[in-house]
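Here's the structure, in structure tokens; my notes come after.
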Amino acid sequence: MNSPRHFWFALLGLAALARSVAAENPDRAALIEGVPEISAPGLPGSLSVFGDQAFPVVVGGLKSSAREPVVAAARAGLGRVVAFGHTSYLNPKSLSADTQKFFLNSIRWAANAKLPGRVVVCRERGLADFLKTQNIDAEDGDVAKLTGARVVIISAHAINEQDVLPLWKFVSGGGGLITASTGWGWAQLNPGKELKTDLMANRLLIPCGLVITGGTVEKSKDGFATTLPPELSHAGRALAAVGGQLAGKTKLPAADATQAASTLTLVAQSLPPEDKTFLPKLRALAAQAATAAVPSSKKPIKKDDVAGRLALTLQIEMTKSLPVGQTVAHPAAANFPGSIPADAHPATRTVAIDTHVPGWHSLGLYAAPGAILKVSLPANAGGKGLGARIGCHSDGLWNVDTWRRAPEITRQFSLKQTETSVANAFGGLVYVMVPEKCDLGTISVTVAGAIDAPLFVLGKTKPDEWRAKLRALPGPWAELATDKIILSVPSHEIRALDDPEALLKFWDQVLDAEADLAAIPRARKRPERIVADEQISAGYMHSGYPIMTHLDAAAHAVSLEKMKAGDWGHFHELGHNHQQGDWTFAGTGEVTCNLFSLYVSETVCGLPAGQGHDAMKPETAANRMEKYLADGADFEKWKSDPFLALTMYNQLRVAFGWEMFKKLFAEYRALPSSEKPQGDDEKRDQWMTRFSRKSGKNLGPFFQAWGVPTSEKARSAIADLPAWMPEDFPKSKTSAL
């Protein structure tokens, strides 16, 4: 294809009818006919709708009150397109009856006929067979053979570059297209690639006024209602509304401003930098507003600040699309993650990287905001999957109501050549990223242009050198590391830290205890990471790689005295990283991780068994349990109160000890796939029966007393064992102790 990207954006000129999405339209009505709600498989992604002939069909929620499309549709040329925000929608057989009806409605609408004619299913096993059971003339086929077809169905992830032109010709000539993408999932599986430029399906959808995004949407209790989407969930309508407000013609209510900000921010993130149709309009709007867009803890950018959020989004996207050599410092970097001292001098450092260890490798280097670094590899290492990262603050804040820092402040680069230039407008700690199963051994990596930052590595760094020099290095962020855990904190938190060795030995004990309970080896394939941040995407802390915390947790994490006194929050998030889905059913996601909090609090910190959090003090736990039982054991209440549920698990600990949990967790790890529980019902059944068999006691009555449902079949399977209940349970408060 000649100049493919510009060609596809030029096709946007085919849009003709300018139609309002403020009210129901016949196209959407046909799609949702007889369908009050559709399923929400997995974690659906979002779509952005901006074209005149495109419209949101079904929307999902965000953490704010805004909504984003999870299903969208468009007329394109003479044809029609329906796009879903999760690939599982292309397997309607596994979804609800209403979702199946919605899918069939989509086929009929895309075909522009009550009887859709021939439907060609490309690279989607089993779908054609299902459609045949619904009296649809469907067959497996290929993009190259669409003659005579009315509708083609293909996953967005299966569309390659050679498919784009024939699919566009098919649609613009009057054919129907149904596709689906879990955008965020595609991005995770394709590191170093961009949805907006590298997902071929977007080259096809953007001319239709749609784009697959990397966002996610939240369902209601069971799925997504097909109620009328907010008018301003369409980016074109949002742009017009905000433009009217800036011109003084209208004033948006706060809820509309929040929706418009979310919609325009999403489309600004999702369109390729060379788009010539909608991005110029967004840039003009941001320029008209003339906002500084420099968030801070004192002056955050709030959810209804449309101009501020849009301006900052466009600035961030521009820094990512410009050549590295044109990178400049963003003004918000001075607020967070921080500037470097004026007298700090860039240096060249060579660091040994053990590529047997995957993940981020700390270098003890910091990139100044906008500074251009050169990363050099050995000749045999280029193009082997290695990468460079600038910044440890990996949480994106795009869907958070208030921005106290810029919503995206890190950058990653693929190291495909022996020398690569890298830069980040916000600066940050510098890392080499190593993929899984890298076989390069230990290599030397040289970084030029960064400044030195405090880094203490247990067993390698000399404590005297740390006190004399290293802790005073100019980088504004520091790291304390072992082969089990790495802490990333503001440097001012460690300037007076005299004994990082003792602190890190304690942290290693914590990680070993978590491993012991999880029944995994103490030696880890990579260290866990904990990063303190001005603002994170969810909660006070959250698990992952890295575990993210707010800044006030940093002082606690680097204080041996405070850590020894107990730290439920850090132990809890590490517990999340060690818990297993096979023994964690609905209502226990925030419970089974706390088994690790209890275990570490007891075995490492020396706190009373079963405690470590005020909610688990004996009298408090007993009162909570007594009230629950007196009100009538209700599983929904049990699931909604993590410490109530933990009390039940703690009774098992009191009776059978931690060794029982370790044996059981080891048993689960060894399960073949055929024996793993499928769904929550099986998870509850197996937890009860496996614990019963391991302990030699029938726990059926115990589960029933707590109101945790299990099947008759499972209870019958352990009926040969002697029944067990805690002493005087459920009458006495003391049974919770």
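All residue names refer to the structure tokens as shown: chains lettered A, B, ... in order, residues numbered from 1 in each chain, ligands numbered from 1 in order.
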
(request) For segment 404-408 of chain A, list every protein, DNA or RNA residue within 10 Å, evaluated using only C-alpha atoms, and leave out those in the same chain fewer than 3 positions away; present the list as an NGL selection string. (result) :A and (293-302 or 309 or 312-313 or 316-317 or 330 or 332-333 or 335-337 or 393-401 or 411 or 426 or 533-537)

(request) Just the residues within 10 Å of Pro677 of chain A, please, counting only C-alpha atoms, with nothing from its chain fewer than 2 positions along; format it as a VMD selection string. (result) chain A and resid 581 to 583 668 671 673 to 675 679 to 687

Contacts of segment 691-724 of chain A with segment 612-630 of chain A up to 12 Å, shortest pair per row, only C-alpha atoms, as a tab-separated table:
residue	atom	partner	partner_atom	distance
A:Gln704	CA	A:Leu629	CA	11.4
A:Ala705	CA	A:Leu629	CA	8.2
A:Trp706	CA	A:Leu629	CA	7.5
A:Gly707	CA	A:Leu629	CA	9.0

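Look at Arg524 of chain A: the protein and nucleic acid residues within 10 Å of it, using only C-alpha atoms and passing over chain neighbours fewer than 4 places away, are Val357, Asp483, Lys484, Ile485, Leu511, Asp512, Ala515, Ile520 and Glu528 of chain A.
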
Pull N, CA, C and O atoms from the residues just selected and write them as a PDB file, in the first residue's frame.
ATOM      1  N   VAL A 357      17.612 -12.868  35.332  1.00  0.00           N
ATOM      2  CA  VAL A 357      16.599 -12.271  36.207  1.00  0.00           C
ATOM      3  C   VAL A 357      15.726 -11.346  35.366  1.00  0.00           C
ATOM      4  O   VAL A 357      16.195 -10.327  34.862  1.00  0.00           O
ATOM      5  N   ASP A 483      17.729  -9.297  46.566  1.00  0.00           N
ATOM      6  CA  ASP A 483      17.259 -10.146  45.468  1.00  0.00           C
ATOM      7  C   ASP A 483      15.832 -10.617  45.692  1.00  0.00           C
ATOM      8  O   ASP A 483      15.295 -11.397  44.908  1.00  0.00           O
ATOM      9  N   LYS A 484      15.177 -10.082  46.753  1.00  0.00           N
ATOM     10  CA  LYS A 484      13.789 -10.431  47.051  1.00  0.00           C
ATOM     11  C   LYS A 484      12.846  -9.237  46.983  1.00  0.00           C
ATOM     12  O   LYS A 484      11.657  -9.398  46.706  1.00  0.00           O
ATOM     13  N   ILE A 485      13.346  -8.024  47.244  1.00  0.00           N
ATOM     14  CA  ILE A 485      12.494  -6.839  47.339  1.00  0.00           C
ATOM     15  C   ILE A 485      13.313  -5.603  46.974  1.00  0.00           C
ATOM     16  O   ILE A 485      14.505  -5.518  47.279  1.00  0.00           O
ATOM     17  N   LEU A 511       9.650 -11.230  53.077  1.00  0.00           N
ATOM     18  CA  LEU A 511       9.425 -11.917  51.792  1.00  0.00           C
ATOM     19  C   LEU A 511       9.566 -13.427  51.945  1.00  0.00           C
ATOM     20  O   LEU A 511       8.826 -14.195  51.304  1.00  0.00           O
ATOM     21  N   ASP A 512      10.487 -13.872  52.779  1.00  0.00           N
ATOM     22  CA  ASP A 512      10.626 -15.317  53.007  1.00  0.00           C
ATOM     23  C   ASP A 512       9.392 -15.888  53.694  1.00  0.00           C
ATOM     24  O   ASP A 512       8.945 -17.001  53.379  1.00  0.00           O
ATOM     25  N   ALA A 515       6.673 -16.253  51.189  1.00  0.00           N
ATOM     26  CA  ALA A 515       6.947 -17.424  50.346  1.00  0.00           C
ATOM     27  C   ALA A 515       6.639 -18.718  51.090  1.00  0.00           C
ATOM     28  O   ALA A 515       6.071 -19.658  50.515  1.00  0.00           O
ATOM     29  N   ILE A 520       6.007 -21.656  48.200  1.00  0.00           N
ATOM     30  CA  ILE A 520       6.892 -21.480  47.053  1.00  0.00           C
ATOM     31  C   ILE A 520       8.314 -21.322  47.563  1.00  0.00           C
ATOM     32  O   ILE A 520       8.534 -21.008  48.740  1.00  0.00           O
ATOM     33  N   GLU A 528      10.346  -8.591  44.214  1.00  0.00           N
ATOM     34  CA  GLU A 528       9.142  -7.776  44.240  1.00  0.00           C
ATOM     35  C   GLU A 528       9.574  -6.306  44.288  1.00  0.00           C
ATOM     36  O   GLU A 528      10.694  -5.989  44.707  1.00  0.00           O
TER      37      GLU A 528
END

Using DSSP on the backbone, list every residue of segment 527-687 of chain A that comes out as strand (DSSP E or B), and give them as a PDB file with N, CA, C and O atoms, in the first residue's frame.
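So the final result, stored in selection36.pdb, reads:
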ATOM      1  N   GLU A 528      10.346  -8.591  44.214  1.00  0.00           N
ATOM      2  CA  GLU A 528       9.142  -7.776  44.240  1.00  0.00           C
ATOM      3  C   GLU A 528       9.574  -6.306  44.288  1.00  0.00           C
ATOM      4  O   GLU A 528      10.694  -5.989  44.707  1.00  0.00           O
ATOM      5  N   ARG A 529       8.707  -5.424  43.859  1.00  0.00           N
ATOM      6  CA  ARG A 529       9.009  -3.992  43.903  1.00  0.00           C
ATOM      7  C   ARG A 529       7.883  -3.248  44.611  1.00  0.00           C
ATOM      8  O   ARG A 529       6.708  -3.581  44.440  1.00  0.00           O
ATOM      9  N   ILE A 530       8.263  -2.248  45.399  1.00  0.00           N
ATOM     10  CA  ILE A 530       7.301  -1.365  46.051  1.00  0.00           C
ATOM     11  C   ILE A 530       7.713   0.067  45.727  1.00  0.00           C
ATOM     12  O   ILE A 530       8.857   0.467  45.992  1.00  0.00           O
ATOM     13  N   VAL A 531       6.818   0.838  45.147  1.00  0.00           N
ATOM     14  CA  VAL A 531       7.103   2.201  44.706  1.00  0.00           C
ATOM     15  C   VAL A 531       6.150   3.170  45.395  1.00  0.00           C
ATOM     16  O   VAL A 531       4.930   2.991  45.345  1.00  0.00           O
ATOM     17  N   ALA A 532       6.690   4.192  46.010  1.00  0.00           N
ATOM     18  CA  ALA A 532       5.879   5.264  46.596  1.00  0.00           C
ATOM     19  C   ALA A 532       5.603   6.319  45.526  1.00  0.00           C
ATOM     20  O   ALA A 532       6.448   6.612  44.692  1.00  0.00           O
ATOM     21  N   ASP A 533       4.395   6.888  45.572  1.00  0.00           N
ATOM     22  CA  ASP A 533       3.968   7.795  44.502  1.00  0.00           C
ATOM     23  C   ASP A 533       3.121   8.908  45.091  1.00  0.00           C
ATOM     24  O   ASP A 533       2.455   8.731  46.119  1.00  0.00           O
ATOM     25  N   MET A 541      -3.051   1.666  48.689  1.00  0.00           N
ATOM     26  CA  MET A 541      -1.982   0.895  48.083  1.00  0.00           C
ATOM     27  C   MET A 541      -2.640  -0.080  47.116  1.00  0.00           C
ATOM     28  O   MET A 541      -3.829  -0.353  47.217  1.00  0.00           O
ATOM     29  N   HIS A 542      -1.872  -0.598  46.178  1.00  0.00           N
ATOM     30  CA  HIS A 542      -2.402  -1.701  45.386  1.00  0.00           C
ATOM     31  C   HIS A 542      -1.262  -2.612  44.956  1.00  0.00           C
ATOM     32  O   HIS A 542      -0.105  -2.213  44.862  1.00  0.00           O
ATOM     33  N   ILE A 547       4.219  -2.990  43.321  1.00  0.00           N
ATOM     34  CA  ILE A 547       3.223  -2.579  44.301  1.00  0.00           C
ATOM     35  C   ILE A 547       3.326  -1.067  44.427  1.00  0.00           C
ATOM     36  O   ILE A 547       4.429  -0.515  44.504  1.00  0.00           O
ATOM     37  N   MET A 548       2.171  -0.384  44.417  1.00  0.00           N
ATOM     38  CA  MET A 548       2.180   1.079  44.492  1.00  0.00           C
ATOM     39  C   MET A 548       1.602   1.541  45.834  1.00  0.00           C
ATOM     40  O   MET A 548       0.603   0.997  46.311  1.00  0.00           O
ATOM     41  N   THR A 549       2.245   2.556  46.410  1.00  0.00           N
ATOM     42  CA  THR A 549       1.764   3.157  47.651  1.00  0.00           C
ATOM     43  C   THR A 549       1.789   4.670  47.510  1.00  0.00           C
ATOM     44  O   THR A 549       2.395   5.210  46.593  1.00  0.00           O
ATOM     45  N   HIS A 550       1.128   5.340  48.424  1.00  0.00           N
ATOM     46  CA  HIS A 550       1.252   6.790  48.477  1.00  0.00           C
ATOM     47  C   HIS A 550       2.553   7.172  49.195  1.00  0.00           C
ATOM     48  O   HIS A 550       3.194   6.343  49.840  1.00  0.00           O
TER      49      HIS A 550
END

Hey, which bits of segment 515-588 of chain A sit within 8 Å of segment 647-665 of chain A, and for each residue what's the closest pair of atoms and how far apart in Å (one decimal), counting only C-alpha atoms, rows by chain and increasing number, as a Markdown table?
| residue | atom | partner | partner_atom | distance |
| --- | --- | --- | --- | --- |
| A:Asp516 | CA | A:Lys662 | CA | 7.3 |
| A:Leu517 | CA | A:Lys662 | CA | 5.3 |
| A:Ala518 | CA | A:Phe665 | CA | 6.2 |
| A:Ala519 | CA | A:Lys662 | CA | 5.7 |

Atoms kept (all heavy atoms) for selection, written as a compact mmCIF listing (two decimals), in the first residue's frame:
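Writing done, so here's again-v9.txt:
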# COMPACT_ATOMS: atom_id res chain seq x y z
N ASP A 516 7.01 -18.78 52.35
CA ASP A 516 6.76 -20.00 53.14
C ASP A 516 5.28 -20.32 53.20
O ASP A 516 4.87 -21.48 53.00
CB ASP A 516 7.30 -19.83 54.57
CG ASP A 516 8.83 -19.79 54.61
OD1 ASP A 516 9.47 -20.14 53.60
OD2 ASP A 516 9.37 -19.41 55.67
N LEU A 517 4.46 -19.31 53.50
CA LEU A 517 3.03 -19.56 53.60
C LEU A 517 2.45 -19.94 52.24
O LEU A 517 1.57 -20.80 52.14
CB LEU A 517 2.31 -18.34 54.16
CG LEU A 517 0.80 -18.49 54.38
CD1 LEU A 517 0.49 -19.66 55.30
CD2 LEU A 517 0.19 -17.20 54.93
N ALA A 518 2.95 -19.33 51.18
CA ALA A 518 2.45 -19.62 49.84
C ALA A 518 2.95 -20.95 49.31
O ALA A 518 2.51 -21.39 48.25
CB ALA A 518 2.86 -18.50 48.89
N ALA A 519 3.87 -21.57 50.02
CA ALA A 519 4.44 -22.86 49.61
C ALA A 519 5.20 -22.74 48.29
O ALA A 519 5.08 -23.58 47.40
CB ALA A 519 3.35 -23.93 49.51

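Of the residues listed (A:Leu199, A:Val306, A:Leu210, A:Ala717), A:Leu210 shows the shortest atom-to-atom separation from Phe55 of chain A; distances use only C-alpha atoms.
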
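Nearest residue to Val447 of chain A among A:Tyr366, A:Phe103, A:Phe571, A:Phe278 is A:Tyr366, counting only C-alpha atoms.
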
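Backbone DSSP over segment 307-338 of chain A gives alpha helix (DSSP H) for Ala307, Gly308, Arg309, Leu310, Ala311, Leu312, Thr313, Leu314, Gln315, Ile316, Glu317, Met318, Thr319, Lys320 and Ser321 of chain A.
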
Would you export the selected residues with C-alpha atoms as an mmCIF file, in the first residue's frame, please?
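Output contents, as saved in part17.cif:
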data_model
loop_
_atom_site.group_PDB
_atom_site.id
_atom_site.type_symbol
_atom_site.label_atom_id
_atom_site.label_comp_id
_atom_site.auth_asym_id
_atom_site.auth_seq_id
_atom_site.Cartn_x
_atom_site.Cartn_y
_atom_site.Cartn_z
ATOM 1 C CA ALA A 307 -9.464 22.327 29.066
ATOM 2 C CA GLY A 308 -6.786 21.448 31.606
ATOM 3 C CA ARG A 309 -7.204 17.700 31.206
ATOM 4 C CA LEU A 310 -7.303 17.908 27.419
ATOM 5 C CA ALA A 311 -4.270 20.186 27.224
ATOM 6 C CA LEU A 312 -2.183 17.963 29.483
ATOM 7 C CA THR A 313 -3.279 14.835 27.617
ATOM 8 C CA LEU A 314 -2.269 16.329 24.270
ATOM 9 C CA GLN A 315 1.065 17.437 25.702
ATOM 10 C CA ILE A 316 1.790 13.951 27.035
ATOM 11 C CA GLU A 317 0.813 12.301 23.763
ATOM 12 C CA MET A 318 3.002 14.740 21.856
ATOM 13 C CA THR A 319 6.035 13.981 24.013
ATOM 14 C CA LYS A 320 5.529 10.278 23.262
ATOM 15 C CA SER A 321 5.255 10.777 19.506
#

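Within 8 Å of Gly236 of chain A, once only C-alpha atoms are used and residues closer than 2 positions along the same chain are dropped, the contacting residues are A:Val49, A:Phe50, A:Gly51, A:Asp52, A:His234, A:Ala238, A:Leu239, A:Ala240.
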
(request) Within 10 Å of Arg125 of chain A, counting only C-alpha atoms, which residues show up once you throw out same-chain ones fewer than 3 positions away? Write them as a list in words, please. (result) Leu90, Asn91, Val121, Cys122, Ala128, Asp129, Phe130 and Asp140 of chain A

Spatial neighbours of Ser220 of chain A, 9 Å, only C-alpha atoms, chain gap at least 6 places, as a PDB file with all heavy atoms, in the first residue's frame:
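The resulting file, result_12.pdb, is shown below:
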ATOM      1  N   ALA A  40     -20.864  -8.824  30.595  1.00  0.00           N
ATOM      2  CA  ALA A  40     -19.570  -8.157  30.679  1.00  0.00           C
ATOM      3  C   ALA A  40     -18.501  -9.224  30.876  1.00  0.00           C
ATOM      4  O   ALA A  40     -18.092  -9.507  32.004  1.00  0.00           O
ATOM      5  CB  ALA A  40     -19.550  -7.166  31.836  1.00  0.00           C
ATOM      6  N   GLY A  60     -20.122   1.761  29.542  1.00  0.00           N
ATOM      7  CA  GLY A  60     -19.805   1.269  30.876  1.00  0.00           C
ATOM      8  C   GLY A  60     -19.287   2.396  31.735  1.00  0.00           C
ATOM      9  O   GLY A  60     -18.986   3.491  31.245  1.00  0.00           O
ATOM     10  N   GLY A  61     -19.157   2.142  33.017  1.00  0.00           N
ATOM     11  CA  GLY A  61     -18.772   3.180  33.954  1.00  0.00           C
ATOM     12  C   GLY A  61     -17.278   3.315  34.116  1.00  0.00           C
ATOM     13  O   GLY A  61     -16.491   2.438  33.754  1.00  0.00           O
TER      14      GLY A  61
END

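Distances from A:Asp439, A:Asp198, A:Glu68, A:Glu465 to Val267 of chain A were compared using only C-alpha atoms, and the smallest one belongs to A:Glu68.
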
Give me the residues within 12 Å of Lys505 of chain A as a PDB file with N, CA, C and O atoms, in the first residue's frame, counting only C-alpha atoms and dropping any in the same chain fewer than 2 places off.
ATOM      1  N   VAL A 457      22.395  -2.001  47.574  1.00  0.00           N
ATOM      2  CA  VAL A 457      22.075  -3.389  47.256  1.00  0.00           C
ATOM      3  C   VAL A 457      22.637  -4.278  48.352  1.00  0.00           C
ATOM      4  O   VAL A 457      23.861  -4.311  48.572  1.00  0.00           O
ATOM      5  N   LEU A 458      21.759  -4.989  49.046  1.00  0.00           N
ATOM      6  CA  LEU A 458      22.178  -5.841  50.151  1.00  0.00           C
ATOM      7  C   LEU A 458      23.179  -6.892  49.665  1.00  0.00           C
ATOM      8  O   LEU A 458      22.927  -7.596  48.689  1.00  0.00           O
ATOM      9  N   GLY A 459      24.311  -6.990  50.362  1.00  0.00           N
ATOM     10  CA  GLY A 459      25.332  -7.962  50.009  1.00  0.00           C
ATOM     11  C   GLY A 459      26.338  -7.456  49.001  1.00  0.00           C
ATOM     12  O   GLY A 459      27.364  -8.110  48.757  1.00  0.00           O
ATOM     13  N   LEU A 480      16.413   0.919  47.604  1.00  0.00           N
ATOM     14  CA  LEU A 480      17.031  -0.040  48.509  1.00  0.00           C
ATOM     15  C   LEU A 480      16.650  -1.416  48.008  1.00  0.00           C
ATOM     16  O   LEU A 480      15.467  -1.711  47.834  1.00  0.00           O
ATOM     17  N   ALA A 481      17.657  -2.273  47.767  1.00  0.00           N
ATOM     18  CA  ALA A 481      17.385  -3.493  47.008  1.00  0.00           C
ATOM     19  C   ALA A 481      18.003  -4.732  47.631  1.00  0.00           C
ATOM     20  O   ALA A 481      19.103  -4.696  48.195  1.00  0.00           O
ATOM     21  N   THR A 482      17.265  -5.841  47.509  1.00  0.00           N
ATOM     22  CA  THR A 482      17.807  -7.179  47.746  1.00  0.00           C
ATOM     23  C   THR A 482      17.381  -8.026  46.550  1.00  0.00           C
ATOM     24  O   THR A 482      16.730  -7.529  45.624  1.00  0.00           O
ATOM     25  N   ASP A 483      17.729  -9.297  46.566  1.00  0.00           N
ATOM     26  CA  ASP A 483      17.259 -10.146  45.468  1.00  0.00           C
ATOM     27  C   ASP A 483      15.832 -10.617  45.692  1.00  0.00           C
ATOM     28  O   ASP A 483      15.295 -11.397  44.908  1.00  0.00           O
ATOM     29  N   LYS A 484      15.177 -10.082  46.753  1.00  0.00           N
ATOM     30  CA  LYS A 484      13.789 -10.431  47.051  1.00  0.00           C
ATOM     31  C   LYS A 484      12.846  -9.237  46.983  1.00  0.00           C
ATOM     32  O   LYS A 484      11.657  -9.398  46.706  1.00  0.00           O
ATOM     33  N   ILE A 485      13.346  -8.024  47.244  1.00  0.00           N
ATOM     34  CA  ILE A 485      12.494  -6.839  47.339  1.00  0.00           C
ATOM     35  C   ILE A 485      13.313  -5.603  46.974  1.00  0.00           C
ATOM     36  O   ILE A 485      14.505  -5.518  47.279  1.00  0.00           O
ATOM     37  N   ILE A 486      12.671  -4.640  46.305  1.00  0.00           N
ATOM     38  CA  ILE A 486      13.294  -3.355  45.989  1.00  0.00           C
ATOM     39  C   ILE A 486      12.306  -2.259  46.370  1.00  0.00           C
ATOM     40  O   ILE A 486      11.142  -2.288  45.960  1.00  0.00           O
ATOM     41  N   ASP A 499      21.626   2.509  58.619  1.00  0.00           N
ATOM     42  CA  ASP A 499      21.808   1.061  58.555  1.00  0.00           C
ATOM     43  C   ASP A 499      20.803   0.408  57.601  1.00  0.00           C
ATOM     44  O   ASP A 499      19.885  -0.295  58.034  1.00  0.00           O
ATOM     45  N   PRO A 500      20.958   0.637  56.298  1.00  0.00           N
ATOM     46  CA  PRO A 500      20.048  -0.012  55.352  1.00  0.00           C
ATOM     47  C   PRO A 500      20.186  -1.530  55.351  1.00  0.00           C
ATOM     48  O   PRO A 500      19.250  -2.240  54.996  1.00  0.00           O
ATOM     49  N   GLU A 501      21.343  -2.029  55.803  1.00  0.00           N
ATOM     50  CA  GLU A 501      21.575  -3.471  55.817  1.00  0.00           C
ATOM     51  C   GLU A 501      20.591  -4.167  56.754  1.00  0.00           C
ATOM     52  O   GLU A 501      19.941  -5.159  56.383  1.00  0.00           O
ATOM     53  N   ALA A 502      20.441  -3.661  57.966  1.00  0.00           N
ATOM     54  CA  ALA A 502      19.519  -4.263  58.931  1.00  0.00           C
ATOM     55  C   ALA A 502      18.077  -4.159  58.444  1.00  0.00           C
ATOM     56  O   ALA A 502      17.282  -5.100  58.587  1.00  0.00           O
ATOM     57  N   LEU A 503      17.740  -3.006  57.857  1.00  0.00           N
ATOM     58  CA  LEU A 503      16.391  -2.814  57.330  1.00  0.00           C
ATOM     59  C   LEU A 503      16.081  -3.835  56.242  1.00  0.00           C
ATOM     60  O   LEU A 503      15.024  -4.481  56.252  1.00  0.00           O
ATOM     61  N   TRP A 507      13.306  -6.896  55.691  1.00  0.00           N
ATOM     62  CA  TRP A 507      12.426  -7.041  54.536  1.00  0.00           C
ATOM     63  C   TRP A 507      12.572  -8.427  53.898  1.00  0.00           C
ATOM     64  O   TRP A 507      11.590  -9.020  53.451  1.00  0.00           O
ATOM     65  N   ASP A 508      13.776  -8.942  53.850  1.00  0.00           N
ATOM     66  CA  ASP A 508      13.969 -10.294  53.314  1.00  0.00           C
ATOM     67  C   ASP A 508      13.235 -11.327  54.161  1.00  0.00           C
ATOM     68  O   ASP A 508      12.675 -12.306  53.637  1.00  0.00           O
ATOM     69  N   GLN A 509      13.212 -11.128  55.484  1.00  0.00           N
ATOM     70  CA  GLN A 509      12.460 -12.035  56.349  1.00  0.00           C
ATOM     71  C   GLN A 509      10.971 -11.979  56.014  1.00  0.00           C
ATOM     72  O   GLN A 509      10.280 -13.020  56.004  1.00  0.00           O
ATOM     73  N   VAL A 510      10.485 -10.781  55.733  1.00  0.00           N
ATOM     74  CA  VAL A 510       9.076 -10.630  55.348  1.00  0.00           C
ATOM     75  C   VAL A 510       8.790 -11.406  54.072  1.00  0.00           C
ATOM     76  O   VAL A 510       7.812 -12.163  53.979  1.00  0.00           O
ATOM     77  N   LEU A 511       9.650 -11.230  53.077  1.00  0.00           N
ATOM     78  CA  LEU A 511       9.425 -11.917  51.792  1.00  0.00           C
ATOM     79  C   LEU A 511       9.566 -13.427  51.945  1.00  0.00           C
ATOM     80  O   LEU A 511       8.826 -14.195  51.304  1.00  0.00           O
ATOM     81  N   ASP A 512      10.487 -13.872  52.779  1.00  0.00           N
ATOM     82  CA  ASP A 512      10.626 -15.317  53.007  1.00  0.00           C
ATOM     83  C   ASP A 512       9.392 -15.888  53.694  1.00  0.00           C
ATOM     84  O   ASP A 512       8.945 -17.001  53.379  1.00  0.00           O
ATOM     85  N   VAL A 558      11.009   2.509  55.162  1.00  0.00           N
ATOM     86  CA  VAL A 558      12.466   2.595  55.345  1.00  0.00           C
ATOM     87  C   VAL A 558      12.843   2.755  56.819  1.00  0.00           C
ATOM     88  O   VAL A 558      14.000   3.060  57.138  1.00  0.00           O
ATOM     89  N   LEU A 560      13.202   0.666  60.174  1.00  0.00           N
ATOM     90  CA  LEU A 560      13.223  -0.668  60.762  1.00  0.00           C
ATOM     91  C   LEU A 560      12.345  -0.717  62.004  1.00  0.00           C
ATOM     92  O   LEU A 560      11.609  -1.696  62.220  1.00  0.00           O
ATOM     93  N   MET A 563       8.685  -0.856  60.886  1.00  0.00           N
ATOM     94  CA  MET A 563       8.355  -2.118  60.231  1.00  0.00           C
ATOM     95  C   MET A 563       8.257  -3.254  61.243  1.00  0.00           C
ATOM     96  O   MET A 563       7.373  -4.105  61.149  1.00  0.00           O
ATOM     97  N   LYS A 564       9.149  -3.275  62.212  1.00  0.00           N
ATOM     98  CA  LYS A 564       9.104  -4.323  63.231  1.00  0.00           C
ATOM     99  C   LYS A 564       7.823  -4.252  64.056  1.00  0.00           C
ATOM    100  O   LYS A 564       7.351  -5.269  64.567  1.00  0.00           O
ATOM    101  N   VAL A 604       7.164 -12.754  61.907  1.00  0.00           N
ATOM    102  CA  VAL A 604       8.303 -11.855  61.683  1.00  0.00           C
ATOM    103  C   VAL A 604       8.289 -10.699  62.679  1.00  0.00           C
ATOM    104  O   VAL A 604       9.331 -10.362  63.255  1.00  0.00           O
TER     105      VAL A 604
END

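Atom CA of Glu419 of chain A is positioned 9.0 Å from atom CA of Pro378 of chain A.
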